[in-house]
Structures are given as C-alpha cells and as structure tokens.
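Heads up, model38.txt below (compact mmCIF, C-alpha atoms):
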```txt
# COMPACT_ATOMS: atom_id res chain seq x y z
CA MET A 1 -133.77 30.03 16.89
CA LYS A 2 -131.77 26.90 16.02
CA LYS A 3 -133.51 23.62 16.70
CA HIS A 4 -132.05 21.25 19.29
CA TYR A 5 -133.66 17.84 19.00
CA GLY A 6 -133.77 15.42 21.88
CA PHE A 7 -135.84 12.54 23.23
CA PHE A 8 -138.58 12.99 25.80
CA ILE A 9 -139.24 9.85 27.84
CA ASP A 10 -142.34 9.67 29.96
CA ALA A 11 -141.55 6.82 32.35
CA GLU A 12 -144.95 7.34 33.97
CA ARG A 13 -146.59 6.25 30.72
CA CYS A 14 -144.06 3.65 29.53
CA ILE A 15 -145.35 0.09 29.90
CA GLY A 16 -142.09 -1.64 28.86
CA CYS A 17 -143.60 -3.23 25.74
CA PHE A 18 -140.34 -2.95 23.71
CA THR A 19 -142.29 -1.77 20.64
CA CYS A 20 -139.85 1.15 20.27
CA ALA A 21 -136.84 -1.20 20.28
CA MET A 22 -138.55 -3.55 17.81
CA ALA A 23 -139.52 -0.64 15.52
CA CYS A 24 -135.87 0.45 15.46
CA LYS A 25 -134.82 -3.08 14.52
CA ASN A 26 -137.46 -3.24 11.81
CA GLN A 27 -136.29 0.04 10.36
CA TYR A 28 -132.54 -0.66 10.27
CA HIS A 29 -132.25 -4.47 10.41
CA GLN A 30 -129.20 -4.50 12.66
CA PRO A 31 -127.53 -7.87 13.38
CA GLU A 32 -128.94 -9.88 16.26
CA THR A 33 -126.46 -8.62 18.86
CA VAL A 34 -126.70 -4.93 17.88
CA VAL A 35 -129.31 -2.87 19.72
CA TRP A 36 -129.66 0.87 19.18
CA ARG A 37 -132.64 1.32 21.50
CA GLN A 38 -132.93 -0.58 24.73
CA VAL A 39 -135.68 -0.67 27.35
CA TYR A 40 -134.15 -0.70 30.84
CA PRO A 41 -136.24 -1.77 33.82
CA ILE A 42 -135.91 0.60 36.79
CA SER A 43 -134.71 -1.25 39.87
CA GLU A 44 -136.90 -1.78 42.89
CA GLU A 45 -134.61 0.43 44.97
CA ILE A 46 -135.70 3.38 42.81
CA TYR A 47 -139.28 2.34 42.08
CA PRO A 48 -140.50 0.13 44.94
CA TYR A 49 -143.75 -1.15 43.51
CA HIS A 50 -144.78 -4.55 42.18
CA GLU A 51 -145.51 -3.14 38.71
CA ARG A 52 -142.26 -2.25 37.00
CA ALA A 53 -141.26 1.06 35.43
CA PHE A 54 -138.87 1.54 32.49
CA TYR A 55 -136.55 3.91 30.68
CA SER A 56 -136.49 3.51 26.91
CA LEU A 57 -133.04 4.74 25.90
CA ALA A 58 -130.95 5.08 22.75
CA CYS A 59 -128.27 7.62 21.88
CA ASN A 60 -128.93 10.81 23.85
CA HIS A 61 -127.40 13.05 21.16
CA CYS A 62 -125.42 14.89 23.83
CA GLU A 63 -124.61 18.57 23.44
CA ASN A 64 -120.94 17.72 23.99
CA PRO A 65 -120.81 14.11 22.76
CA THR A 66 -117.90 12.04 24.06
CA CYS A 67 -118.21 9.64 21.08
CA LEU A 68 -117.50 12.56 18.75
CA ASN A 69 -114.66 13.89 20.89
CA VAL A 70 -112.79 10.58 21.28
CA CYS A 71 -113.24 9.22 17.74
CA PRO A 72 -109.77 9.33 16.19
CA VAL A 73 -111.03 9.24 12.59
CA LYS A 74 -113.73 11.93 12.82
CA ALA A 75 -116.46 9.43 12.03
CA TYR A 76 -118.97 11.45 14.08
CA TYR A 77 -120.41 14.86 13.42
CA LYS A 78 -123.11 16.95 15.04
CA ARG A 79 -125.77 18.54 12.88
CA GLU A 80 -127.04 22.05 13.47
CA ASP A 81 -130.25 20.60 14.89
CA GLY A 82 -128.29 18.67 17.57
CA ILE A 83 -128.46 15.20 16.02
CA VAL A 84 -125.16 13.29 16.40
CA VAL A 85 -124.51 11.27 13.25
CA HIS A 86 -122.04 8.40 12.85
CA GLU A 87 -120.53 8.01 9.38
CA GLN A 88 -119.83 4.31 9.12
CA ASP A 89 -117.68 4.53 6.00
CA LYS A 90 -115.07 6.43 8.03
CA CYS A 91 -115.14 4.09 11.07
CA ILE A 92 -112.15 1.76 11.55
CA GLY A 93 -113.74 -0.21 14.39
CA CYS A 94 -111.35 0.84 17.16
CA GLY A 95 -114.14 0.73 19.76
CA ASN A 96 -113.04 3.94 21.45
CA CYS A 97 -116.54 5.47 21.26
CA ILE A 98 -118.06 2.27 22.66
CA ARG A 99 -115.76 2.38 25.68
CA SER A 100 -116.24 6.09 26.18
CA CYS A 101 -120.02 6.60 26.07
CA PRO A 102 -121.39 6.19 29.62
CA TYR A 103 -124.85 5.49 28.18
CA GLY A 104 -123.70 2.52 26.09
CA ALA A 105 -125.15 4.04 22.91
CA PRO A 106 -122.54 3.09 20.27
CA ARG A 107 -122.50 -0.65 19.65
CA TYR A 108 -120.08 -2.88 17.78
CA ASN A 109 -121.42 -4.46 14.61
CA PRO A 110 -119.52 -7.77 14.32
CA GLU A 111 -120.51 -8.21 10.67
CA GLN A 112 -119.24 -4.84 9.47
CA LYS A 113 -116.54 -4.66 12.17
CA LYS A 114 -117.54 -1.08 12.86
CA ALA A 115 -119.38 0.87 15.51
CA GLU A 116 -122.89 2.16 14.97
CA LYS A 117 -125.61 3.92 16.93
CA CYS A 118 -129.03 5.58 16.85
CA SER A 119 -129.18 8.30 14.20
CA LEU A 120 -132.43 9.77 15.55
CA CYS A 121 -133.76 8.71 12.14
CA TRP A 122 -132.46 11.99 10.72
CA GLN A 123 -133.61 11.05 7.24
CA ARG A 124 -137.17 10.68 8.54
CA VAL A 125 -136.87 13.89 10.59
CA ASP A 126 -135.68 15.78 7.50
CA ALA A 127 -138.72 14.45 5.66
CA GLY A 128 -141.00 15.80 8.38
CA LEU A 129 -141.64 12.37 9.91
CA LYS A 130 -141.11 11.16 13.48
CA PRO A 131 -138.28 8.75 14.35
CA GLN A 132 -139.46 5.15 14.00
CA CYS A 133 -139.33 4.44 17.76
CA VAL A 134 -141.41 7.55 18.51
CA GLN A 135 -143.85 6.72 15.74
CA SER A 136 -144.39 3.22 17.10
CA CYS A 137 -144.89 3.94 20.81
CA PRO A 138 -148.49 2.88 21.58
CA VAL A 139 -148.77 5.01 24.73
CA GLU A 140 -146.91 8.09 23.48
CA ALA A 141 -144.31 7.66 26.20
CA LEU A 142 -141.51 8.43 23.77
CA GLN A 143 -141.41 11.69 21.86
CA ILE A 144 -138.96 13.85 19.93
CA VAL A 145 -138.83 17.41 21.26
CA ASP A 146 -137.04 20.62 20.40
CA LEU A 147 -135.10 21.40 23.59
CA ALA A 148 -134.58 24.99 22.44
CA THR A 149 -138.27 25.63 23.11
CA PHE A 150 -139.16 22.69 25.38
CA ASP A 151 -140.41 23.97 28.71
CA ARG A 152 -142.07 21.45 30.97
CA PRO A 153 -141.39 22.02 34.65
CA ASP A 154 -142.33 18.44 35.59
CA THR A 155 -139.35 16.93 33.68
CA VAL A 156 -135.79 16.16 34.75
CA GLN A 157 -132.60 15.55 32.81
CA TYR A 158 -131.02 13.10 35.26
CA PRO A 159 -133.58 10.87 36.95
CA PRO A 160 -132.39 8.18 39.41
CA GLY A 161 -130.85 5.28 37.46
CA PHE A 162 -129.63 7.46 34.59
CA PRO A 163 -125.86 8.24 34.66
CA LYS A 164 -125.25 11.91 35.42
CA HIS A 165 -122.65 13.47 33.12
CA GLU A 166 -123.12 17.21 33.09
CA LYS A 167 -120.13 17.75 30.80
CA LEU A 168 -121.80 15.68 28.10
CA ASN A 169 -125.21 17.33 28.64
CA PRO A 170 -127.41 14.57 27.15
CA SER A 171 -130.30 15.89 25.05
CA VAL A 172 -132.99 13.96 26.86
CA ARG A 173 -135.74 14.81 29.33
CA PHE A 174 -137.70 12.45 31.58
CA VAL A 175 -140.93 12.33 33.48
CA VAL A 176 -140.14 10.05 36.42
CA PRO A 177 -142.67 7.35 37.31
CA GLN A 178 -144.90 8.15 40.28
CA LEU A 179 -145.82 5.52 42.83
CA PRO A 180 -149.57 4.86 42.77
CA LYS A 181 -151.48 6.33 45.67
CA VAL A 182 -152.56 3.58 48.01
CA ILE A 183 -155.94 4.47 49.43
CA GLY A 184 -156.32 3.34 52.99
CA ARG A 185 -159.18 3.58 55.50
CA GLU A 186 -157.80 6.87 56.80
CA ASP A 187 -158.13 8.45 53.32
CA ILE A 188 -161.85 7.77 53.08
CA MET B 1 -114.49 -3.59 30.00
CA SER B 2 -116.14 -6.99 29.71
CA ASN B 3 -113.72 -8.19 27.06
CA ILE B 4 -110.14 -9.22 27.68
CA GLU B 5 -108.98 -7.12 24.66
CA MET B 6 -105.79 -9.19 24.25
CA PRO B 7 -104.40 -7.03 21.40
CA LEU B 8 -104.71 -3.95 23.62
CA VAL B 9 -103.20 -5.83 26.58
CA LEU B 10 -100.14 -6.73 24.48
CA PHE B 11 -99.89 -3.33 22.83
CA SER B 12 -100.12 -1.31 26.02
CA VAL B 13 -97.79 -3.47 28.14
CA LEU B 14 -95.14 -4.01 25.46
CA SER B 15 -95.07 -0.38 24.31
CA GLN B 16 -94.82 0.76 27.94
CA THR B 17 -91.94 -1.69 28.43
CA ALA B 18 -90.17 -0.10 25.47
CA ILE B 19 -90.80 3.37 26.88
CA GLY B 20 -89.61 2.38 30.36
CA LEU B 21 -86.45 0.81 28.98
CA THR B 22 -85.69 3.95 26.95
CA ILE B 23 -86.27 6.19 29.96
CA MET B 24 -83.82 4.06 32.00
CA ASN B 25 -81.33 4.11 29.11
CA SER B 26 -81.58 7.89 28.85
CA GLY B 27 -81.28 8.34 32.61
CA ARG B 28 -78.16 6.18 32.71
CA GLN B 29 -76.56 8.13 29.88
CA ILE B 30 -77.31 11.44 31.59
CA ALA B 31 -75.84 10.01 34.80
CA GLY B 32 -72.69 9.19 32.82
CA ASP B 33 -73.07 5.45 33.08
CA ASP B 34 -70.79 3.75 30.55
CA PHE B 35 -72.21 0.69 28.85
CA ILE B 36 -70.55 0.92 25.45
CA GLY B 37 -71.38 -1.94 23.13
CA GLU B 38 -74.80 -2.52 24.69
CA GLY B 39 -76.49 0.56 23.23
CA ARG B 40 -77.42 -0.91 19.86
CA ARG B 41 -78.64 -4.15 21.46
CA GLN B 42 -80.76 -2.11 23.87
CA TRP B 43 -82.34 -0.12 21.00
CA GLY B 44 -82.97 -3.47 19.31
CA ILE B 45 -84.83 -4.80 22.35
CA VAL B 46 -86.82 -1.54 22.60
CA LEU B 47 -87.82 -1.92 18.94
CA ALA B 48 -88.68 -5.59 19.39
CA PHE B 49 -91.10 -4.78 22.24
CA LEU B 50 -92.58 -1.79 20.45
CA VAL B 51 -93.07 -3.42 17.05
CA THR B 52 -94.57 -6.57 18.61
CA GLY B 53 -96.99 -4.37 20.57
CA MET B 54 -97.90 -2.31 17.50
CA VAL B 55 -98.50 -5.41 15.38
CA ALA B 56 -100.74 -6.78 18.16
CA SER B 57 -102.70 -3.52 18.23
CA PHE B 58 -103.74 -3.95 14.60
CA PHE B 59 -105.70 -7.06 15.57
CA HIS B 60 -107.83 -4.89 17.81
CA LEU B 61 -109.11 -2.82 14.88
CA GLY B 62 -112.03 -3.85 12.73
CA HIS B 63 -110.27 -2.34 9.70
CA PRO B 64 -106.51 -2.37 10.43
CA LEU B 65 -105.52 -1.16 6.95
CA GLN B 66 -107.12 2.19 7.72
CA ALA B 67 -105.23 2.55 11.02
CA TYR B 68 -103.31 5.56 9.68
CA THR B 69 -106.54 7.59 9.52
CA ALA B 70 -106.60 7.55 13.34
CA LEU B 71 -104.24 10.53 13.24
CA LYS B 72 -107.04 12.76 11.91
CA HIS B 73 -108.58 14.01 15.14
CA LEU B 74 -105.75 15.59 17.13
CA SER B 75 -107.99 18.44 18.26
CA THR B 76 -109.93 16.36 20.82
CA ALA B 77 -109.13 12.63 20.54
CA TRP B 78 -106.42 11.36 22.89
CA LEU B 79 -106.25 8.17 20.82
CA SER B 80 -104.95 10.25 17.90
CA TRP B 81 -102.28 11.69 20.21
CA GLU B 82 -101.42 8.21 21.44
CA LEU B 83 -100.89 7.02 17.88
CA LEU B 84 -98.83 10.12 17.06
CA GLY B 85 -96.69 9.63 20.17
CA VAL B 86 -96.08 5.95 19.48
CA SER B 87 -95.22 6.70 15.83
CA ILE B 88 -92.67 9.41 16.74
CA PHE B 89 -91.26 7.13 19.45
CA LEU B 90 -90.85 4.36 16.85
CA CYS B 91 -89.08 6.71 14.40
CA LEU B 92 -86.70 7.96 17.10
CA ALA B 93 -85.97 4.41 18.30
CA LEU B 94 -85.23 3.35 14.72
CA PHE B 95 -82.95 6.38 14.33
CA GLY B 96 -81.20 5.48 17.59
CA PHE B 97 -80.77 1.88 16.48
CA PHE B 98 -79.25 2.72 13.11
CA THR B 99 -77.03 5.58 14.31
CA GLU B 100 -75.76 3.96 17.52
CA LYS B 101 -72.02 3.55 17.19
CA GLU B 102 -69.19 3.47 19.67
CA LYS B 103 -70.12 6.99 20.75
CA LYS B 104 -73.42 7.19 22.67
CA SER B 105 -76.26 9.14 21.11
CA GLY B 106 -77.40 10.68 24.39
CA LEU B 107 -79.56 13.33 22.74
CA VAL B 108 -81.53 10.75 20.75
CA ALA B 109 -82.07 8.64 23.88
CA PHE B 110 -83.20 11.72 25.82
CA LEU B 111 -85.60 12.84 23.07
CA THR B 112 -86.99 9.32 22.70
CA ALA B 113 -87.50 9.07 26.47
CA LEU B 114 -89.27 12.45 26.50
CA VAL B 115 -91.60 11.43 23.67
CA GLY B 116 -92.16 8.12 25.46
CA LEU B 117 -93.11 9.90 28.67
CA LEU B 118 -95.58 12.10 26.79
CA THR B 119 -96.98 8.99 25.07
CA LEU B 120 -97.62 7.46 28.51
CA VAL B 121 -99.66 10.56 29.37
CA PHE B 122 -101.62 10.25 26.10
CA MET B 123 -102.25 6.56 26.82
CA GLY B 124 -103.42 7.40 30.32
CA MET B 125 -105.92 9.91 28.93
CA THR B 126 -107.11 7.51 26.20
CA TYR B 127 -107.99 4.78 28.71
CA ALA B 128 -109.75 7.12 31.16
CA PRO B 129 -113.16 7.39 29.42
CA PRO B 130 -116.42 8.59 31.02
CA GLY B 131 -117.88 5.15 30.33
CA TYR B 132 -115.78 3.64 33.13
CA PRO B 133 -116.28 5.67 36.33
CA ALA B 134 -113.55 3.74 38.16
CA LEU B 135 -111.00 4.72 35.51
CA ASN B 136 -112.31 8.16 34.53
CA ASN B 137 -109.46 9.80 36.47
CA ALA B 138 -105.65 9.73 36.71
CA LEU B 139 -105.47 6.03 37.66
CA PRO B 140 -104.78 4.65 34.16
CA MET B 141 -101.84 7.06 33.89
CA VAL B 142 -100.53 5.88 37.28
CA PHE B 143 -100.90 2.23 36.26
CA PHE B 144 -99.09 2.84 32.96
CA LEU B 145 -96.25 4.79 34.62
CA LEU B 146 -95.83 1.94 37.08
CA THR B 147 -95.70 -0.59 34.24
CA ALA B 148 -93.03 1.45 32.45
CA LEU B 149 -91.04 1.84 35.66
CA LEU B 150 -91.23 -1.83 36.71
CA LEU B 151 -90.49 -3.33 33.31
CA GLY B 152 -88.02 -0.62 32.26
CA THR B 153 -85.98 -1.11 35.41
CA SER B 154 -86.07 -4.88 35.36
CA PHE B 155 -85.22 -5.24 31.66
CA SER B 156 -82.38 -2.72 32.14
CA ALA B 157 -80.68 -5.43 34.19
CA TRP B 158 -80.07 -7.31 30.92
CA PHE B 159 -77.68 -4.53 29.92
CA THR B 160 -76.00 -3.97 33.26
CA PRO B 161 -73.09 -6.00 34.65
CA SER B 162 -74.02 -7.85 37.84
CA GLU B 163 -71.55 -5.83 39.95
CA ASP B 164 -73.39 -2.59 38.95
CA ARG B 165 -76.93 -3.82 39.54
CA SER B 166 -77.31 -2.84 43.19
CA TRP B 167 -78.87 0.56 42.38
CA LEU B 168 -81.20 -1.09 39.84
CA CYS B 169 -82.21 -3.54 42.60
CA ARG B 170 -83.01 -0.63 44.89
CA ILE B 171 -85.12 1.17 42.24
CA LEU B 172 -86.96 -2.05 41.35
CA THR B 173 -87.61 -2.91 45.02
CA VAL B 174 -89.08 0.52 45.71
CA SER B 175 -91.15 0.36 42.48
CA LEU B 176 -92.49 -3.07 43.41
CA ILE B 177 -93.48 -1.88 46.89
CA VAL B 178 -95.18 1.23 45.43
CA GLY B 179 -96.95 -0.96 42.84
CA LEU B 180 -98.09 -3.38 45.54
CA VAL B 181 -99.49 -0.57 47.70
CA VAL B 182 -101.25 1.11 44.76
CA TYR B 183 -102.80 -2.10 43.41
CA LEU B 184 -103.99 -3.21 46.87
CA ILE B 185 -105.40 0.17 47.88
CA VAL B 186 -107.15 1.17 44.64
CA PRO B 187 -109.97 -1.47 44.78
CA CYS B 188 -110.50 -0.63 48.47
CA ILE B 189 -111.05 3.04 47.54
CA TRP B 190 -113.39 2.02 44.73
CA LEU B 191 -115.48 0.07 47.26
CA SER B 192 -116.43 3.32 48.93
CA GLY B 193 -117.38 4.98 45.62
CA GLY B 194 -120.61 4.85 43.60
CA THR B 195 -122.36 1.64 42.53
CA VAL B 196 -120.34 1.07 39.36
CA MET B 197 -117.04 1.80 41.10
CA ALA B 198 -117.95 -0.63 43.88
CA GLN B 199 -118.95 -3.24 41.28
CA THR B 200 -115.57 -2.74 39.61
CA ALA B 201 -113.81 -3.22 42.95
CA GLU B 202 -115.73 -6.44 43.60
CA ALA B 203 -114.99 -7.72 40.08
CA TRP B 204 -111.26 -7.00 40.52
CA ILE B 205 -111.08 -8.54 43.99
CA GLU B 206 -112.86 -11.70 42.79
CA SER B 207 -110.67 -11.97 39.68
CA PRO B 208 -107.84 -14.53 39.46
CA LEU B 209 -106.20 -12.15 36.96
CA TYR B 210 -105.96 -9.42 39.62
CA TRP B 211 -104.52 -11.76 42.25
CA GLY B 212 -102.22 -13.32 39.65
CA ARG B 213 -100.95 -9.82 38.96
CA ILE B 214 -100.39 -9.16 42.67
CA VAL B 215 -98.68 -12.48 43.40
CA ILE B 216 -96.72 -13.14 40.18
CA GLY B 217 -96.04 -9.54 39.19
CA LEU B 218 -95.30 -7.93 42.56
CA VAL B 219 -94.99 -10.23 45.61
CA LEU B 220 -92.93 -13.00 43.99
CA PRO B 221 -90.36 -10.62 42.41
CA LEU B 222 -90.06 -8.78 45.75
CA LEU B 223 -89.34 -12.02 47.58
CA LEU B 224 -86.87 -13.14 44.90
CA ILE B 225 -84.94 -9.84 44.96
CA TRP B 226 -84.88 -9.94 48.77
CA LYS B 227 -83.53 -13.52 48.65
CA ILE B 228 -81.10 -13.24 45.69
CA LYS B 229 -80.10 -9.56 46.18
CA ASP B 230 -79.83 -9.29 42.39
CA ILE B 231 -81.99 -9.13 39.25
CA PRO B 232 -81.44 -12.45 37.45
CA PRO B 233 -82.13 -12.41 33.66
CA TRP B 234 -85.39 -14.36 34.03
CA LEU B 235 -86.92 -12.04 36.65
CA PRO B 236 -88.09 -9.38 34.12
CA LEU B 237 -90.05 -12.11 32.34
CA ILE B 238 -91.90 -12.98 35.57
CA ILE B 239 -92.72 -9.29 36.09
CA LEU B 240 -93.86 -9.07 32.45
CA ILE B 241 -96.27 -11.99 33.00
CA GLY B 242 -97.62 -10.22 36.07
CA GLU B 243 -98.12 -6.99 34.13
CA LEU B 244 -99.93 -8.83 31.32
CA LEU B 245 -102.28 -10.45 33.87
CA GLY B 246 -102.89 -7.07 35.50
CA ARG B 247 -103.65 -5.39 32.20
CA ALA B 248 -106.02 -8.21 31.27
CA ALA B 249 -107.85 -7.55 34.57
CA PHE B 250 -107.87 -3.82 33.74
CA PHE B 251 -109.69 -4.47 30.46
CA GLN B 252 -111.86 -7.41 31.45
CA GLU B 253 -112.99 -6.67 34.99
CA THR B 254 -113.68 -2.93 34.91
CA VAL B 255 -117.44 -2.33 34.87
CA HIS B 256 -119.08 -0.01 32.31
CA ALA B 257 -121.49 2.69 33.50
CA ALA B 258 -124.20 1.50 31.10
CA SER B 259 -124.40 -1.85 32.88
CA ASN B 260 -126.10 -0.09 35.80
CA ILE B 261 -128.67 2.00 33.92
CA GLY B 262 -131.94 1.72 35.81
CA GLY B 263 -130.12 0.91 39.06
CA LEU B 264 -129.04 3.16 41.91
```

Have the structure of the file written as structure tokens, please.
Amino acid sequence: MKKHYGFFIDAERCIGCFTCAMACKNQYHQPETVVWRQVYPISEEIYPYHERAFYSLACNHCENPTCLNVCPVKAYYKREDGIVVHEQDKCIGCGNCIRSCPYGAPRYNPEQKKAEKCSLCWQRVDAGLKPQCVQSCPVEALQIVDLATFDRPDTVQYPPGFPKHEKLNPSVRFVVPQLPKVIGREDI
Amino acid sequence: MSNIEMPLVLFSVLSQTAIGLTIMNSGRQIAGDDFIGEGRRQWGIVLAFLVTGMVASFFHLGHPLQAYTALKHLSTAWLSWELLGVSIFLCLALFGFFTEKEKKSGLVAFLTALVGLLTLVFMGMTYAPPGYPALNNALPMVFFLLTALLLGTSFSAWFTPSEDRSWLCRILTVSLIVGLVVYLIVPCIWLSGGTVMAQTAEAWIESPLYWGRIVIGLVLPLLLIWKIKDIPPWLPLIILIGELLGRAAFFQETVHAASNIGGL
C-alpha cells in the first residue's frame, strides 16, 4: 500500500511551548518574517478554560492541494507518499498560492521574492528520520503518521477552529483538547 | 487580502476597462453604428489601458522576467488562463489597431470582445480562491463584469457625438444603479455568513476605500448624469477613480481564512 504522510496533532498534550516552530526555524533559517510552522492558541469560545490549548500547524500536505492547482508555473508537485513539495527555483513570486491556501501555509520570502512552505522535511523522512518539528516536541503532541494505515477513532480531521475544506482534504488529524473534570462536592 | 496590491489594482481595473471598451465597440459595430475615423483612436485607447495595466502587473511579481512561464499550468491554474486570455486580447487589439482603415474591422472587434469576455471569466476565477471565503464564489466575476461595463460604457462616450449619447447615458445609468445595489448589498450578506465573511463585511464597511468607491465611483456619477443628462469627457475619469478605490478595498480589506485559525 502506498504511504500517505500527514501530521497528527494532539491538542490535549500540546502545551504551546513553540519548540516545534523554533526547531523548524533552526533547521531552515528562514528570514524573520517567514514562518512555516505556527502555534495557534484556541479561542476561549472553543476551549473555555483558564489554561489555554493550541494547534501547532504548518502545511497540511492536502490530498488535493490548492497551492499546486493554482500555481501557474508548476512550482509544486506531490510525491507518491503525499508530501507536497515547493520547487523554489521555478517560483516567480506571484503570490497566487499564498492567497489561495485557506490554512496560510505558503509564505512570501521577501529576500528571495518567492513563496515557500513546509516541506515535511522530506529529506529527513527519506533518510528515515522524523521531521524536525516532530523530533523536537517535548510532549510528543506532534507526530508524523501514515494516513493509509492510521486508525484512531478518537481523532478528527476538522476540529473547531480549523478551516473545513473537504475538497482539499488536508492530511492532518487532531485529538481535540478535553476540558478538565472539575470535581465538586456532589462527585465525592 | 491585507495588502493593497497596487500593481494588481491597476492591472485588473485597466485591463477590464480595455475589455469593456472593446465590448462596447463591438456591440456598436454589430448594431450598425457608424463612427468612421474613431476606430483607430479607440483601438489606441484600448491598447493604452491594456499595456499600462500589463506593465503595472509586472511589479507585482517577485521575478517579472520569468512572467512568461506562468503559461505553463493551463490544466488547473486559472492564472495561466488569465495570462493567456490577456495575451490573445493584446494581440487582437494590436491587429485591430494596425489594420483599422476606413472600413470597419467588425470581425476583429467581435473576436477581441469575445476573448475579452472570456478573460473576465478567467480573472473572476483567479481571484476567487479558497483562502478568502467571502470571495470564494462568483462575486469577483460579478465585480469585474461591472467594472468592464461601467468603464467601457463611460469611456465609449469619448468616441460618440453628444447628440448620440442618450442611449449610452441610459446604459451607464442602469449600470451605476446595478453597481450601487450590488456593492451595498454584498457586505450585508457577508454579515450573515461565517466568522471570516462577517469580518470581511466589517472591514469593508469600516473602510474609507469602500465608501470612496460608493460615493466617487457610483453615487456622484449618477447625480451628475441625472443633472447634466450627458456623459461629459471627464466623467469616465471620476468613475475610474471610484473603481480603483473599490479594487483597492477588494485587495486590502478582504479577510483571509488563516487569520481566524483557532477561532470559531
């Protein structure tokens, strides 16, 4: 069976430490304004508790990626294992992918005047290593999974606060954060 | 889209002006309207708008010298189709300009108008990306058709004797009323949509660019036409300013879906 890589984000475990985002920066040394992985706090309307919960997101390597479809110069391609790769040498910096992706994954690099995005560290994956963000997560809240065989019934593809685009079919699965059980007198 | 994208504002408005003017030109020739001697000048104005817009569009690219490679992805990228459409439109307009003699080249004008109309559709699809829920529909196409209609009709007055302008006045008046209704209603509909659509509506309603577009581009020309009962030569320029303000609002005030990740 063909592999289909994607990210698994356990928002129940994530503590919002930004280590994943920093590890990505350390690996690729993007300019200051360019962020491939971002840690988004979940709003209080979704998670009404004084401790915050987070989604750590980068490119979702969609099954039907809009960045690939709208790029006029064919700077994107999808590997057999599902990883969406951006070839910067072909990019002319039109920004069409940046406007099109509803997850804000492609970013504009003002130094190179080209778009760029998370590559799921495909070079590391090919070498049998984990992506740098996954490797660095201290609480194992971020993992790379093979969606072709991934089967966890407690996960969702579109949790609240994550744009739902079924046509794109993002290769990502979440465990949503649970509110802590408040133990009152009646529970004792 | 959080950035005013001035090159795209100029490119889209000016190329749509050129398309609108060609559609009006073609329509008049099919209707048997005789404006001999003006044809070449009209092609010249079409080319001036189009070339200015295309030059402006290069400033939007990070690597403008590789712009030609944007034709590579015709299978799925509407931007490739947009570039193809604009390029064919330019070639046909150049052909019309250089071959326009005493006898009207009605076929060239018709073909150019047809390609222009298709290009408007391609443009509408290009600027309706999933990243902008408020625009991920037919609205960009409607906005662009309105721009072509308003500016095409008004600039046509430059090539029409004042005694023959009454029908142009009627078309422009109706177009301005339709434009006014569309631009006032659209943000109200967005307000009842999802979070990002509602945020877009609020951003538009609070934007001086949006109200500048309504007042300068639609209300003022309507009042002037009602008062003067004619399209004076400076009126198209006022409408053009309104369209540029509106397009700037389109690019700057529309909210991206990613800005609400983590929110309801």

What's the 9 Å shell around B:Thr254, counting only C-alpha atoms, without same-chain residues fewer than 3 positions away, as a list in words?
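Selected residues are Met1, Ser2, Tyr132, Ala134, Leu135, Val196, Met197, Gln199, Thr200, Ala201, Ala203, Trp204, Ala249, Phe250 and Phe251 of chain B.
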
Compute the chain B side of the contact with chain A at 10 Å, counting only C-alpha atoms, and hand it back as a PyMOL selection string.
chain B and resi 1+57-83+126-133+136+256-264

For the atom pair atom CA of A:Val145 and atom CA of A:Pro131, what is the interatomic distance in Å to one decimal place?
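Spanning atom CA of A:Val145 to atom CA of A:Pro131 is a straight-line distance of 11.1 Å.
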
To one decimal place in Å, what is the distance between atom CA of B:Trp167 and atom CA of B:Val219?
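The value is 19.7 Å.
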
Size and centre in Å, one decimal, axis-aligned box, all listed stretch 165-183 of chain A atoms plus 3 Å per side, as lines of an AutoDock Vina configuration file:
```
center_x = -138.0
center_y = 10.7
center_z = 37.2
size_x = 41.8
size_y = 20.2
size_z = 30.4
```

Could you tell me how far atom CA of B:Leu244 lies from atom CA of B:Ala109, in Å and to one decimal?
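These two atoms are separated by 26.1 Å.
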
Long-range neighbours of A:Pro138 as number ranges by chain, 10 Å cut-off, only C-alpha atoms, 3 positions minimum in chain:
A: 13-15, 17, 19-20, 134-135, 141-142

Counting only C-alpha atoms, which of B:Leu107, B:Ala31, B:Met123, B:Leu151 gets nearest to B:Leu8?
B:Met123

Return the single residue from A:Arg52, A:His61, A:Lys2, A:Arg152 that is closest to A:Leu179, with distances computed using all atoms listed in the file.
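The shortest atom-to-atom distance to A:Leu179 comes from A:Arg52.
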
Counting all atoms listed in the file, the residue of B:Leu50, B:Met24, B:Val9, B:Ile205 that sits nearest B:Phe159:
B:Met24

Using all atoms listed in the file, determine which residues lie at most 7 Å from stretch 87-93 of chain B, disregarding the query and same-chain residues fewer than 3 positions distant; provide the list as an mmCIF file with C-alpha atoms, in the frame of the given file.
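Full text of part22.cif as output:
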```
data_model
loop_
_atom_site.group_PDB
_atom_site.id
_atom_site.type_symbol
_atom_site.label_atom_id
_atom_site.label_comp_id
_atom_site.auth_asym_id
_atom_site.auth_seq_id
_atom_site.Cartn_x
_atom_site.Cartn_y
_atom_site.Cartn_z
ATOM 1 C CA TRP B 43 -82.340 -0.120 21.000
ATOM 2 C CA LEU B 47 -87.820 -1.920 18.940
ATOM 3 C CA LEU B 83 -100.890 7.020 17.880
ATOM 4 C CA LEU B 84 -98.830 10.120 17.060
ATOM 5 C CA GLY B 96 -81.200 5.480 17.590
ATOM 6 C CA PHE B 97 -80.770 1.880 16.480
ATOM 7 C CA VAL B 108 -81.530 10.750 20.750
ATOM 8 C CA THR B 112 -86.990 9.320 22.700
ATOM 9 C CA VAL B 115 -91.600 11.430 23.670
ATOM 10 C CA GLY B 116 -92.160 8.120 25.460
#
```
